[in-house]
Protein chains: 2
Amino acid sequence: MQENRTRILEAAARVYAQHGYRGATTRRIADEAGVNEITLFRHFGTKSALLDCVAHECGISENVPPLPTQPVHPERELTAWVQARMDHLRAMRQLLLQAMSELQERPDMGPCVGHGPVDAANQLRDYVVRLRRRGLLDMGDGTGLRPLELNAAVAMLMNASFGDAISRPMMPEMFPSPQSKAAGAYVRVFLRAIGHRAVHTDVPTARTPKPTLAHQAARKVRLAPSKSISE
Amino acid sequence: MQENRTRILEAAARVYAQHGYRGATTRRIADEAGVNEITLFRHFGTKSALLDCVAHECGISENVPPLPTQPVHPERELTAWVQARMDHLRAMRQLLLQAMSELQERPDMGPCVGHGPVDAANQLRDYVVRLRRRGLLDMGDGTGLRPLELNAAVAMLMNASFGDAISRPMMPEMFPSPQSKAAGAYVRVFLRAIGHRAVHTDVPTARTPKPTLAHQAARKVRLAPSKSISE
DNA sequence: CTTGCATGTAAGCATGTACTTGCATTATGA
DNA sequence: TCATAATGCAAGTACATGCTTACATGCAAG
């Protein structure tokens with residue numbers, strides 16, 4: 001039966017995610033799968049062969065919808081994308097951590113980690129280029145977005161999703177804002193950094209051409225340290 | 001002798017960083033320390049006791065100089081700070097990865113991970129508040145910095161350092177810009193996101209009031225997909 | 001029915017690992 | 001010089017783990 005094979009594979013993924021390679025005992029995996037240890041060997045021959053299979057299967061998942069080729073509403077589109085990526089990362093959290101920590105000793109788990117993020121970063125870079133081509137980024141005030149900073153901004157958004165998904169469970173004090181609002185906040189900060197101004201006003205393509213003076217008095221009140229800031 | 005004790009501790013840290021808890025055999029540690037396996041037991045009694053000691057010692061290091069209480073040149077100060085943090089993170093990379101991946105199974109290693117980043121994030125938040133109080137952030141164009149976005153920006157800079165230090169060695173394609181320029185780039189993007197405009201012009205408080213049109217033609221050449229962008 | 005096939009049971013082997021015991025050796029300091 | 005402490009060596013115990021062998025069971029297709 002094929003059924004047992006997949007049960008073993010899924011169990012192996014769970015056990016590996018929780019205990020790492022050395023901790024993923026054949027006995028533990030068999031127990032988790034509700035299967036005799038020997039059928040495990042009969043299917044895969046070897047523990048390392050089994051976990052190699054796990055590594056190759058887990059690279060497939062990546063069911064995050066791509067960014068649209070024709071940007072319309074950057075904030076909405078990016079937020080949905082980042083949200084989906086973060087959900088995916090959160091689901092893979094433990095497995096990612098194990099694979100990363102053992103990457104030197106056991107490069108076989110590499111596919112489990114590598115492709116996703118790199119592809120996503122390139123997707124995001126291309127998306128920003130498209131934004132710029134469509135004139136959705138203002139490059140005023142003499143500080144246009146240079147490649148170095150574009151790369152940095154992309155890396156920051158990627159690592160924001162990654163770090164939030166990975167680190168929030170183990171050090172929640174570092175993320176005072178609620179998880180549900182994180183993706184949107186990262187995207188807004190990102191858009192502001194790359195020079196997309198139409199963020200809080202919901203007019204998608206209009207460019208507000210008077211960014212210079214005043215407006216500060218009213219702001220200062222709202223911006224006064226509000227608990228979450230001072231500590 | 002105290003000398004052997006510290007030799008064992010350092011060896012244990014190295015071996016643990018590379019092989020994790022289960023892979024950190026007492027034999028391996030003793031070999032790495034150039035010491036008989038038995039003196040290891042005579043000093044620490046137990047493998048877990050030894051690694052507990054390692055966890056408590058490694059929390060101490062954190063020799064990153066704090067951000068200045070009186071901000072003067074934000075870009076310079078933040079870049080130095082981020083650079084120091086990234087160097088530290090790079091040095092602790094493997095140990096951090098192991099500790100993080102085993103945090104659920106073995107919370108003892110928690111101190112090795114927890115304190116540093118949380119303190120740093122709070123430091124950065126306070127620094128930004130000081131920046132704003134000194135009027136070094138412009139809040140024009142209707143999009144002032146709200147607490148949610150401040151937290152997000154702080155998390156992004158922290159996670160940028162973290163993610164770069166952790167991920168660059170294992171997926172260099174994701175970081176097309178050279179490591180030496182990373183810290184500076186992250187800081188500039190961060191400052192732009194929180195509304196600190198005096199970045200490329202070295203005039204600290206001047207605001208250039210003509211941000212709207214043009215300048216794009218000259219940019220487009222430099223910004224056209226430069227290999228690292230399109231793929 | 002019987003021939004395969006997938007699975008389960010029982011037992012075991014070889015190895016690695018944490019840790020112990022007993023005794024010899026070396027260095028330290030009074 | 002001598003007692004004390006720290007270290008090394010040899011051997012061994014108890015257990016976990018990867019993997020094997022030999023044999024029994026259930027089940028579907030010819």
# chains A, B, ... in the order shown; residues from 1 in each chain; ligands from 1
call {"tool": "interface_residues", "arguments": {"of": "chain B", "to": "chain D", "cutoff": "12 Å", "atoms": "only C-alpha atoms (C1' of nucleotides)", "output": "PDB file with N, CA and C atoms, in the first residue's frame"}}
result
ATOM      1  N   MET B   1      43.177  22.774  38.653  1.00  0.00           N
ATOM      2  CA  MET B   1      43.432  23.940  37.777  1.00  0.00           C
ATOM      3  C   MET B   1      42.132  24.466  37.179  1.00  0.00           C
ATOM      4  N   GLN B   2      42.054  25.774  37.070  1.00  0.00           N
ATOM      5  CA  GLN B   2      40.899  26.382  36.425  1.00  0.00           C
ATOM      6  C   GLN B   2      41.039  26.329  34.907  1.00  0.00           C
ATOM      7  N   GLU B   3      42.290  26.218  34.463  1.00  0.00           N
ATOM      8  CA  GLU B   3      42.552  26.291  33.030  1.00  0.00           C
ATOM      9  C   GLU B   3      41.792  25.208  32.266  1.00  0.00           C
ATOM     10  N   ASN B   4      41.836  24.006  32.771  1.00  0.00           N
ATOM     11  CA  ASN B   4      41.146  22.913  32.093  1.00  0.00           C
ATOM     12  C   ASN B   4      39.640  23.160  32.027  1.00  0.00           C
ATOM     13  N   ARG B   5      39.122  23.691  33.108  1.00  0.00           N
ATOM     14  CA  ARG B   5      37.683  23.963  33.144  1.00  0.00           C
ATOM     15  C   ARG B   5      37.270  24.850  31.991  1.00  0.00           C
ATOM     16  N   GLY B  34      41.290  18.622  24.201  1.00  0.00           N
ATOM     17  CA  GLY B  34      42.599  18.018  24.458  1.00  0.00           C
ATOM     18  C   GLY B  34      42.708  17.514  25.886  1.00  0.00           C
ATOM     19  N   VAL B  35      41.645  16.889  26.329  1.00  0.00           N
ATOM     20  CA  VAL B  35      41.528  16.517  27.742  1.00  0.00           C
ATOM     21  C   VAL B  35      40.903  15.143  27.814  1.00  0.00           C
ATOM     22  N   ASN B  36      41.227  14.392  28.810  1.00  0.00           N
ATOM     23  CA  ASN B  36      40.617  13.082  28.966  1.00  0.00           C
ATOM     24  C   ASN B  36      39.134  13.217  29.302  1.00  0.00           C
ATOM     25  N   GLU B  37      38.364  12.294  28.734  1.00  0.00           N
ATOM     26  CA  GLU B  37      36.916  12.388  28.920  1.00  0.00           C
ATOM     27  C   GLU B  37      36.544  12.421  30.416  1.00  0.00           C
ATOM     28  N   ILE B  38      37.363  11.773  31.227  1.00  0.00           N
ATOM     29  CA  ILE B  38      37.001  11.636  32.637  1.00  0.00           C
ATOM     30  C   ILE B  38      37.141  12.938  33.407  1.00  0.00           C
ATOM     31  N   THR B  39      38.121  13.736  33.055  1.00  0.00           N
ATOM     32  CA  THR B  39      38.262  15.014  33.775  1.00  0.00           C
ATOM     33  C   THR B  39      37.046  15.895  33.510  1.00  0.00           C
ATOM     34  N   LEU B  40      36.455  15.694  32.353  1.00  0.00           N
ATOM     35  CA  LEU B  40      35.220  16.406  32.029  1.00  0.00           C
ATOM     36  C   LEU B  40      34.131  16.042  33.049  1.00  0.00           C
ATOM     37  N   PHE B  41      33.984  14.750  33.313  1.00  0.00           N
ATOM     38  CA  PHE B  41      32.962  14.341  34.285  1.00  0.00           C
ATOM     39  C   PHE B  41      33.335  14.785  35.690  1.00  0.00           C
ATOM     40  N   ARG B  42      34.645  14.783  35.994  1.00  0.00           N
ATOM     41  CA  ARG B  42      35.047  15.195  37.331  1.00  0.00           C
ATOM     42  C   ARG B  42      34.742  16.661  37.548  1.00  0.00           C
ATOM     43  N   HIS B  43      34.817  17.462  36.482  1.00  0.00           N
ATOM     44  CA  HIS B  43      34.559  18.894  36.630  1.00  0.00           C
ATOM     45  C   HIS B  43      33.072  19.211  36.664  1.00  0.00           C
TER      46      HIS B  43
END
call {"tool": "calpha_fit_rmsd", "arguments": {"fixed": "chain B", "moving": "chain A"}}
result
0.8 Å
call {"tool": "interface_residues", "arguments": {"of": "chain C", "to": "chain B", "cutoff": "12 Å", "atoms": "only C-alpha atoms (C1' of nucleotides)", "output": "JSON, numbers by chain"}}
result
{"C": [16, 17, 18, 19, 20, 21, 27, 28]}
call {"tool": "select_by_dssp", "arguments": {"residues": "stretch 30-200 of chain B", "states": "alpha helix (DSSP H)", "output": "VMD selection string"}}
result
chain B and resid 30 to 33 37 to 44 47 to 58 74 to 101 115 to 133 147 to 167 179 to 193
call {"tool": "residues_around", "arguments": {"residues": "stretch 87-102 of chain A", "least_positions_apart": "2", "cutoff": "6 Å", "atoms": "only C-alpha atoms (C1' of nucleotides)", "output": "list in words"}}
result
Ala17, Gly20, Ala84, Arg85, Gln104, Glu105, Arg106, Met109, Ala165 and Ile166 of chain A; Leu97, Gln98 and Ser101 of chain B
call {"tool": "write_last_selection", "arguments": {"atoms": "C-alpha atoms", "output": "short mmCIF file (atom, residue, chain, number, x, y, z; two decimals), in the first residue's frame"}}
result
data_model
loop_
_atom_site.label_atom_id
_atom_site.label_comp_id
_atom_site.auth_asym_id
_atom_site.auth_seq_id
_atom_site.Cartn_x
_atom_site.Cartn_y
_atom_site.Cartn_z
CA ALA A 17 11.00 18.98 12.87
CA GLY A 20 16.34 17.00 14.50
CA ALA A 84 0.65 34.21 2.95
CA ARG A 85 4.40 33.87 3.18
CA GLN A 104 26.52 22.16 7.50
CA GLU A 105 26.45 18.63 8.83
CA ARG A 106 23.73 17.41 6.48
CA MET A 109 18.08 19.07 3.83
CA ALA A 165 7.55 33.94 11.95
CA ILE A 166 10.63 32.34 13.47
CA LEU B 97 20.88 28.22 15.24
CA GLN B 98 21.37 25.18 17.44
CA SER B 101 16.20 24.78 16.98
#
call {"tool": "decode", "arguments": {"residues": "stretch 28-43 of chain A", "atoms": "N, CA and C atoms", "output": "short mmCIF file (atom, residue, chain, number, x, y, z; two decimals), in the first residue's frame"}}
result
data_model
loop_
_atom_site.label_atom_id
_atom_site.label_comp_id
_atom_site.auth_asym_id
_atom_site.auth_seq_id
_atom_site.Cartn_x
_atom_site.Cartn_y
_atom_site.Cartn_z
N ARG A 28 10.96 6.14 17.02
CA ARG A 28 10.03 7.24 17.24
C ARG A 28 9.18 7.49 16.00
N ILE A 29 9.82 7.51 14.85
CA ILE A 29 9.08 7.76 13.61
C ILE A 29 8.02 6.69 13.40
N ALA A 30 8.43 5.43 13.61
CA ALA A 30 7.49 4.33 13.42
C ALA A 30 6.31 4.48 14.37
N ASP A 31 6.59 4.77 15.64
CA ASP A 31 5.51 4.97 16.60
C ASP A 31 4.58 6.07 16.14
N GLU A 32 5.17 7.22 15.78
CA GLU A 32 4.37 8.38 15.35
C GLU A 32 3.50 8.02 14.15
N ALA A 33 4.00 7.14 13.29
CA ALA A 33 3.23 6.76 12.11
C ALA A 33 2.24 5.63 12.41
N GLY A 34 2.33 5.08 13.61
CA GLY A 34 1.47 3.96 13.95
C GLY A 34 1.78 2.74 13.11
N VAL A 35 3.05 2.49 12.93
CA VAL A 35 3.52 1.47 12.00
C VAL A 35 4.69 0.75 12.64
N ASN A 36 4.87 -0.51 12.33
CA ASN A 36 6.00 -1.22 12.88
C ASN A 36 7.31 -0.68 12.30
N GLU A 37 8.32 -0.67 13.15
CA GLU A 37 9.60 -0.09 12.73
C GLU A 37 10.13 -0.76 11.47
N ILE A 38 9.81 -2.03 11.30
CA ILE A 38 10.40 -2.77 10.20
C ILE A 38 9.81 -2.39 8.86
N THR A 39 8.53 -2.07 8.84
CA THR A 39 7.96 -1.66 7.56
C THR A 39 8.62 -0.38 7.07
N LEU A 40 9.06 0.40 8.03
CA LEU A 40 9.81 1.62 7.69
C LEU A 40 11.08 1.25 6.92
N PHE A 41 11.82 0.29 7.44
CA PHE A 41 13.04 -0.12 6.75
C PHE A 41 12.72 -0.79 5.42
N ARG A 42 11.62 -1.53 5.38
CA ARG A 42 11.28 -2.20 4.13
C ARG A 42 10.94 -1.18 3.05
N HIS A 43 10.36 -0.05 3.46
CA HIS A 43 10.00 0.97 2.47
C HIS A 43 11.19 1.81 2.03
#
